[in-house]
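Just below is one structure, and these are the notes that go with it.
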Amino acid sequence: QKALPPGYKLRPLSSDDYEHGFLKVLSVLTVIGDISKAQFLERYNYLKKHNHEYFTIVITDPSDTIIGAGTIFVERKFIHNTGLVGHIEDIAVDKNQQGKKLGLRVIQALKYIGAKTGCYKVILDCSEEVRDLEIQPGKYDKLFHNVPFYEKCGFTRKEVEMAWYT
Ligand code: ACO
């Protein structure tokens, strides 16, 4: 793996990352909502208790601000001889930091975790087309076509995502 830019660090999510801009970086993905520190900690503590299944990593810039993030969730199956499948979720790089290979570094780290924990495959869903995305109620941004990014990260196209919203 190549190095991050000087002063940048890749590390697991930590309990004080509410103050380091974790939620702000996720806002390039979707509506985040008005999450309190208590809500953040409740979710963080759940993930920590399940840290054999949930791995959330962040990249910080030289001022210790989070500018990239991603998660892999390790699913336990019956099929494939009680196999494990890694699900990559919520990959985000701050708008001002995109195009510096930080997204690639996040994916490389998550693929490594998936392989080390014994996943027989790692999968993810991503956008097929450029589309409008509501990032705050009533505020829209463009979500870009991500297939070429994931192809550069070593993934190949397979199957179709279906969704049902409650
Ligand atoms: N279209 C074509 N190529 C792309 C795109 C794109 N949308 N994005 C990146 N690439 C290419 C880069 O040019 C680079 O190619 P190169 O090696 O030939 O120079 C390579 O992919 C690696 O790019 P990075 O610099 O690592 O990408 P970046 O740090 O900008 O991160 C990301 C990419 C995560 C998609 C970022 O743009 C982002 O946060 N976008 C908004 C949120 C988002 O869409 N997240 C993914 C949702 S899907 C999911 O979470 C499973």
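Here's how to read the names in the structure tokens: chain A, B, ... by the order shown, residue numbers from 1 in each chain, ligand numbers from 1 in the order shown.
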Exercise for review: Write out as an MDAnalysis selection string the residues lying within 12 Å of A:Phe73, counting only C-alpha atoms and excluding same-chain residues fewer than 2 positions away.
Suggested key: chainID A and resid 47 50:57 70:71 75:76 84:90 110:111 113:114 117 119 121:124
Review point. Leaving out stretch 156-158 of chain A and any residue of its chain fewer than 2 positions from it, which residues lie within 12 Å of it when counting only C-alpha atoms, given as a PyMOL selection string?
Key: chain A and resi 121-128+146-154+160-161
Selected residues, N, CA and C atoms, written as a short mmCIF file (atom, residue, chain, number, x, y, z; two decimals), in the first residue's frame, please.
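Below you can see part.cif, which holds the result:
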data_model
loop_
_atom_site.label_atom_id
_atom_site.label_comp_id
_atom_site.auth_asym_id
_atom_site.auth_seq_id
_atom_site.Cartn_x
_atom_site.Cartn_y
_atom_site.Cartn_z
N LYS A 121 -15.87 -13.04 0.50
CA LYS A 121 -16.03 -11.96 -0.47
C LYS A 121 -16.39 -10.68 0.27
N VAL A 122 -16.15 -9.58 -0.41
CA VAL A 122 -16.51 -8.26 0.13
C VAL A 122 -17.35 -7.59 -0.94
N ILE A 123 -18.54 -7.10 -0.55
CA ILE A 123 -19.46 -6.51 -1.54
C ILE A 123 -19.92 -5.12 -1.09
N LEU A 124 -20.48 -4.38 -2.02
CA LEU A 124 -21.01 -3.04 -1.71
C LEU A 124 -22.01 -2.63 -2.78
N ASP A 125 -22.82 -1.65 -2.46
CA ASP A 125 -23.73 -1.02 -3.42
C ASP A 125 -23.23 0.39 -3.69
N CYS A 126 -23.34 0.81 -4.94
CA CYS A 126 -22.96 2.19 -5.24
C CYS A 126 -23.84 2.74 -6.36
N SER A 127 -23.71 4.05 -6.59
CA SER A 127 -24.61 4.69 -7.56
C SER A 127 -24.18 4.37 -8.99
N GLU A 128 -25.18 4.19 -9.81
CA GLU A 128 -24.97 3.84 -11.22
C GLU A 128 -24.99 5.09 -12.09
N ASN A 146 -20.35 6.15 -9.31
CA ASN A 146 -19.20 5.65 -8.56
C ASN A 146 -18.59 4.37 -9.11
N VAL A 147 -19.21 3.80 -10.14
CA VAL A 147 -18.71 2.50 -10.62
C VAL A 147 -17.22 2.57 -11.00
N PRO A 148 -16.78 3.61 -11.74
CA PRO A 148 -15.35 3.63 -12.11
C PRO A 148 -14.42 3.70 -10.90
N PHE A 149 -14.86 4.40 -9.85
CA PHE A 149 -14.04 4.47 -8.62
C PHE A 149 -13.86 3.06 -8.05
N TYR A 150 -14.96 2.32 -7.91
CA TYR A 150 -14.83 0.97 -7.31
C TYR A 150 -14.10 0.00 -8.23
N GLU A 151 -14.20 0.22 -9.54
CA GLU A 151 -13.41 -0.63 -10.45
C GLU A 151 -11.92 -0.37 -10.22
N LYS A 152 -11.56 0.91 -10.01
CA LYS A 152 -10.14 1.22 -9.73
C LYS A 152 -9.71 0.62 -8.40
N CYS A 153 -10.68 0.36 -7.52
CA CYS A 153 -10.37 -0.24 -6.21
C CYS A 153 -10.41 -1.78 -6.28
N GLY A 154 -10.58 -2.33 -7.49
CA GLY A 154 -10.49 -3.80 -7.65
C GLY A 154 -11.82 -4.53 -7.62
N VAL A 160 -27.83 -6.86 -8.86
CA VAL A 160 -28.62 -5.62 -8.85
C VAL A 160 -29.12 -5.39 -7.43
N GLU A 161 -29.04 -4.16 -6.93
CA GLU A 161 -29.59 -3.88 -5.61
C GLU A 161 -31.09 -3.64 -5.71
#
Review point. At what distance in Å, to one decimal, does atom CA of A:Pro5 lie from atom 50 (O, counted along the ligand's line) of ligand 1?
Key: 22.2 Å
Review point. Using only C-alpha atoms, which residues sit within 7 Å of A:Thr65 once same-chain residues fewer than 5 positions away are excluded, as a ChimeraX atom specification?
Key: /A:20-21,60
May I have the residues from that selection written out with C-alpha atoms, as a PDB file, in the first residue's frame?
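Output (again_23.pdb):
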ATOM      1  CA  HIS A  20     -13.351  15.686  15.017  1.00  0.00           C
ATOM      2  CA  GLY A  21     -15.900  16.061  12.235  1.00  0.00           C
ATOM      3  CA  THR A  60      -7.579  12.610   9.522  1.00  0.00           C
TER       4      THR A  60
END
**Study point:** Residue among A:Lys139, A:Arg131, A:Lys101, A:Lys95 lying closest to ligand 1, counting only C-alpha atoms and all ligand atoms
**Key:** A:Lys101
Got a sec: who's within 9 Å of A:Phe22, counting only C-alpha atoms, leaving out chain neighbours fewer than 6 positions off, as an mmCIF file with N, CA and C atoms, in the first residue's frame?
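The resulting file, selection_37.cif, is reproduced below:
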data_model
loop_
_atom_site.group_PDB
_atom_site.id
_atom_site.type_symbol
_atom_site.label_atom_id
_atom_site.label_comp_id
_atom_site.auth_asym_id
_atom_site.auth_seq_id
_atom_site.Cartn_x
_atom_site.Cartn_y
_atom_site.Cartn_z
ATOM 1 N N LEU A 13 -12.339 4.470 14.150
ATOM 2 C CA LEU A 13 -13.183 5.519 14.740
ATOM 3 C C LEU A 13 -12.975 5.519 16.252
ATOM 4 N N VAL A 58 -11.336 5.928 9.888
ATOM 5 C CA VAL A 58 -11.361 7.323 9.438
ATOM 6 C C VAL A 58 -9.964 7.725 8.971
ATOM 7 N N THR A 65 -8.557 16.746 11.780
ATOM 8 C CA THR A 65 -9.957 16.763 11.344
ATOM 9 C C THR A 65 -10.202 15.543 10.469
ATOM 10 N N ILE A 66 -11.356 14.902 10.681
ATOM 11 C CA ILE A 66 -11.686 13.735 9.866
ATOM 12 C C ILE A 66 -12.111 14.200 8.477
ATOM 13 N N ILE A 67 -11.443 13.638 7.457
ATOM 14 C CA ILE A 67 -11.769 14.040 6.079
ATOM 15 C C ILE A 67 -12.133 12.817 5.214
ATOM 16 N N GLY A 68 -12.106 11.632 5.836
ATOM 17 C CA GLY A 68 -12.509 10.431 5.101
ATOM 18 C C GLY A 68 -12.980 9.373 6.080
ATOM 19 N N ALA A 69 -13.889 8.506 5.625
ATOM 20 C CA ALA A 69 -14.405 7.473 6.527
ATOM 21 C C ALA A 69 -14.975 6.314 5.716
#
Review point. For A:Asn45, which residue among A:Asp16, A:Asp61, A:Asp132, A:Asp141 is the nearest when counting only C-alpha atoms?
Key: A:Asp16
Exercise for review: Please identify which residues in stretch 9-135 of chain A DSSP calls helix (DSSP H, G or I) from the backbone, and express them as JSON, numbers by chain.
Suggested key: {"A": [22, 23, 24, 25, 26, 37, 38, 39, 40, 41, 42, 43, 44, 45, 46, 47, 48, 49, 79, 80, 81, 82, 95, 96, 97, 102, 103, 104, 105, 106, 107, 108, 109, 110, 111, 112, 113, 114, 115, 116]}
If DSSP is run on the backbone, what residues of stretch 29-104 of chain A are strand (DSSP E or B)? A reply as a short mmCIF file (atom, residue, chain, number, x, y, z; two decimals) with C-alpha atoms, in the first residue's frame would be ideal.
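The resulting file, selection-v9.cif, is shown below:
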data_model
loop_
_atom_site.label_atom_id
_atom_site.label_comp_id
_atom_site.auth_asym_id
_atom_site.auth_seq_id
_atom_site.Cartn_x
_atom_site.Cartn_y
_atom_site.Cartn_z
CA TYR A 54 -18.20 -3.65 12.74
CA PHE A 55 -15.03 -1.85 11.68
CA THR A 56 -15.29 1.86 11.02
CA ILE A 57 -12.13 3.65 9.99
CA VAL A 58 -11.36 7.32 9.44
CA ILE A 59 -8.64 9.40 7.78
CA THR A 60 -7.58 12.61 9.52
CA ILE A 66 -11.69 13.74 9.87
CA ILE A 67 -11.77 14.04 6.08
CA GLY A 68 -12.51 10.43 5.10
CA ALA A 69 -14.41 7.47 6.53
CA GLY A 70 -15.71 4.00 5.75
CA THR A 71 -17.14 0.88 7.37
CA ILE A 72 -17.01 -2.85 6.80
CA PHE A 73 -19.67 -5.04 8.43
CA VAL A 74 -18.85 -8.76 8.66
CA GLU A 75 -21.96 -10.89 8.17
CA ARG A 76 -22.09 -14.45 9.54
CA LEU A 84 -18.36 -14.66 6.30
CA VAL A 85 -19.25 -11.85 3.91
CA GLY A 86 -17.91 -8.31 4.26
CA HIS A 87 -20.25 -5.42 3.44
CA ILE A 88 -18.58 -2.09 2.71
CA GLU A 89 -20.78 0.85 3.68
CA ASP A 90 -20.74 4.63 3.91
CA ILE A 91 -17.55 5.57 2.11
CA ALA A 92 -17.08 9.32 2.30
CA VAL A 93 -14.31 11.78 1.50
#
**Study point:** Interatomic distance (Å, one decimal) between atom CA of A:Val28 and atom 1 (N, counted along the ligand's line) of ligand 1
**Key:**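 So the answer is 15.2 Å.
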Exercise for review: Between atom CA of A:Gln97 and atom 30 (O, counted along the ligand's line) of ligand 1, measure the distance and give it in Å to one decimal.
Suggested key: 6.9 Å
